[in-house]
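Trainee: Below is a structure I'd like to ask you about.
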Amino acid sequence: MGGDFSLSCRHLPKREEDMSQLDLFSDYKAYRKESPTSKSAWETKRNKLTLREEVFNLLSEQPFSNEQIADSLGQPLSSICARINELKKIDLVIDSGKRTKSKYNKDVILWQRKDQTKLKGSI
């Protein structure tokens, strides 16, 4: 084994001056807001909803589970779980108290917008 290790280390520098870090970024130009690429990216994203906004808007229709939201929006379940957690932390989404079955036949929470609890309670 020792012989194999020494063979694999043959590419390592032997002298201290060879071990100095390469200066790969000496001519790097920092991000510039006025560049055509930046302007194009901004135009593309300007009127686009964030995933958090899409989730929040979907919940205005009715309560949904994370899995149902993921299927409706065509997004990974992990992304939806993260967005629901963000919406809970900023007090916009709550547990509706209702449950449904997941595709694995487990009980899952149906989430609803907090601003809709008063609307439904007064009807």
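Residue numbering restarts at 1 for every chain of the structure tokens, chains are lettered A, B, ... in their displayed order, and ligands are numbered from 1 as they appear.
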List the spatial neighbours of stretch 56-70 of chain A as number ranges by chain - criterion: any atom at most 8 Å away, only C-alpha atoms, same-chain residues fewer than 5 positions off excluded.

Mentor: A: 75-77, 80-81, 84, 87, 93, 96, 100, 102, 108-113, 116

Trainee: Please write the residues from the selection above to a file, keeping N, CA and C atoms, as a CSV table (one decimal), in the first residue's frame.

Mentor:
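Output contents, as saved in again-v9.csv:
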chain,number,residue,atom,x,y,z
A,75,GLN,N,-43.0,21.0,-9.2
A,75,GLN,CA,-41.8,21.3,-8.5
A,75,GLN,C,-41.4,20.1,-7.6
A,76,PRO,N,-40.2,20.0,-7.2
A,76,PRO,CA,-39.8,18.9,-6.3
A,76,PRO,C,-40.4,19.1,-4.9
A,77,LEU,N,-40.8,18.0,-4.3
A,77,LEU,CA,-41.4,18.1,-2.9
A,77,LEU,C,-40.5,18.8,-1.9
A,80,ILE,N,-41.0,22.5,-2.1
A,80,ILE,CA,-42.3,22.9,-1.6
A,80,ILE,C,-42.3,22.9,-0.1
A,81,CYS,N,-41.7,21.9,0.5
A,81,CYS,CA,-41.6,21.8,2.0
A,81,CYS,C,-40.8,23.0,2.5
A,84,ILE,N,-43.1,26.1,2.2
A,84,ILE,CA,-44.2,26.1,3.3
A,84,ILE,C,-43.6,26.5,4.6
A,87,LEU,N,-43.2,30.2,4.7
A,87,LEU,CA,-44.5,30.8,4.8
A,87,LEU,C,-45.1,30.7,6.3
A,93,VAL,N,-49.1,31.1,6.5
A,93,VAL,CA,-49.7,29.8,6.3
A,93,VAL,C,-49.8,29.0,7.6
A,96,SER,N,-54.5,23.6,8.5
A,96,SER,CA,-56.0,23.8,8.4
A,96,SER,C,-56.7,23.0,9.4
A,100,THR,N,-55.2,14.6,4.7
A,100,THR,CA,-55.5,13.8,3.6
A,100,THR,C,-54.4,12.7,3.5
A,102,SER,N,-51.3,10.8,1.7
A,102,SER,CA,-50.3,11.0,0.7
A,102,SER,C,-50.3,9.8,-0.3
A,108,VAL,N,-51.3,13.4,5.9
A,108,VAL,CA,-50.5,14.6,5.7
A,108,VAL,C,-51.3,15.8,6.0
A,109,ILE,N,-50.7,16.9,6.4
A,109,ILE,CA,-51.4,18.2,6.7
A,109,ILE,C,-51.9,18.9,5.4
A,110,LEU,N,-53.0,19.4,5.5
A,110,LEU,CA,-53.5,20.3,4.4
A,110,LEU,C,-53.3,21.7,4.9
A,111,TRP,N,-52.4,22.5,4.2
A,111,TRP,CA,-52.1,23.9,4.6
A,111,TRP,C,-53.1,24.8,4.0
A,112,GLN,N,-53.3,25.9,4.7
A,112,GLN,CA,-54.1,27.0,4.2
A,112,GLN,C,-53.5,28.3,4.6
A,113,ARG,N,-54.0,29.4,3.8
A,113,ARG,CA,-53.5,30.7,4.1
A,113,ARG,C,-54.1,31.2,5.4
A,116,GLN,N,-57.3,33.4,5.4
A,116,GLN,CA,-58.6,32.8,5.0
A,116,GLN,C,-59.3,32.1,6.2

Trainee: At what distance in Å, to one decimal, does atom CA of A:Leu51 lie from atom CA of A:Pro36?

Mentor: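 Here the two named atoms are 25.9 Å from each other.
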
Trainee: Going by DSSP on the backbone, which bits of stretch 29-123 of chain A are helix (DSSP H, G or I)? Write them as an NGL selection string, please.

Mentor: :A and (36-45 or 51-58 or 66-73 or 77-89 or 114-121)

Trainee: Write a file of the selected residues as a tab-separated table (two decimals), in the first residue's frame, keeping C-alpha atoms.

Mentor:
chain	number	residue	atom	x	y	z
A	36	PRO	CA	-26.01	43.49	-21.12
A	37	THR	CA	-26.11	40.08	-19.42
A	38	SER	CA	-27.25	41.56	-16.11
A	39	LYS	CA	-29.89	43.71	-17.80
A	40	SER	CA	-31.19	40.72	-19.74
A	41	ALA	CA	-31.38	38.58	-16.59
A	42	TRP	CA	-33.22	41.34	-14.74
A	43	GLU	CA	-35.74	41.74	-17.59
A	44	THR	CA	-36.38	38.00	-17.61
A	45	LYS	CA	-37.00	37.81	-13.85
A	51	LEU	CA	-41.88	29.86	-5.89
A	52	ARG	CA	-42.95	31.09	-2.45
A	53	GLU	CA	-45.44	33.47	-4.09
A	54	GLU	CA	-46.71	30.69	-6.37
A	55	VAL	CA	-47.31	28.42	-3.36
A	56	PHE	CA	-49.06	31.20	-1.44
A	57	ASN	CA	-51.29	32.04	-4.43
A	58	LEU	CA	-52.21	28.38	-4.96
A	66	ASN	CA	-47.09	19.67	0.29
A	67	GLU	CA	-47.35	16.78	-2.14
A	68	GLN	CA	-50.42	18.24	-3.87
A	69	ILE	CA	-48.69	21.61	-4.19
A	70	ALA	CA	-45.58	19.96	-5.66
A	71	ASP	CA	-47.69	18.08	-8.21
A	72	SER	CA	-49.73	21.17	-9.11
A	73	LEU	CA	-46.70	23.38	-9.64
A	77	LEU	CA	-41.43	18.07	-2.95
A	78	SER	CA	-38.33	19.26	-1.05
A	79	SER	CA	-38.66	22.73	-2.61
A	80	ILE	CA	-42.32	22.94	-1.59
A	81	CYS	CA	-41.59	21.80	1.98
A	82	ALA	CA	-39.01	24.58	2.25
A	83	ARG	CA	-41.41	27.21	0.89
A	84	ILE	CA	-44.19	26.10	3.26
A	85	ASN	CA	-41.76	26.35	6.19
A	86	GLU	CA	-40.83	29.88	5.11
A	87	LEU	CA	-44.51	30.85	4.85
A	88	LYS	CA	-45.19	29.36	8.30
A	89	LYS	CA	-42.27	31.30	9.82
A	114	LYS	CA	-53.85	32.33	7.52
A	115	ASP	CA	-55.87	35.22	6.06
A	116	GLN	CA	-58.58	32.76	5.00
A	117	THR	CA	-59.34	31.40	8.47
A	118	LYS	CA	-61.49	34.41	9.38
A	119	LEU	CA	-63.27	34.39	6.03
A	120	LYS	CA	-64.34	30.75	6.37
A	121	GLY	CA	-65.27	31.13	10.04
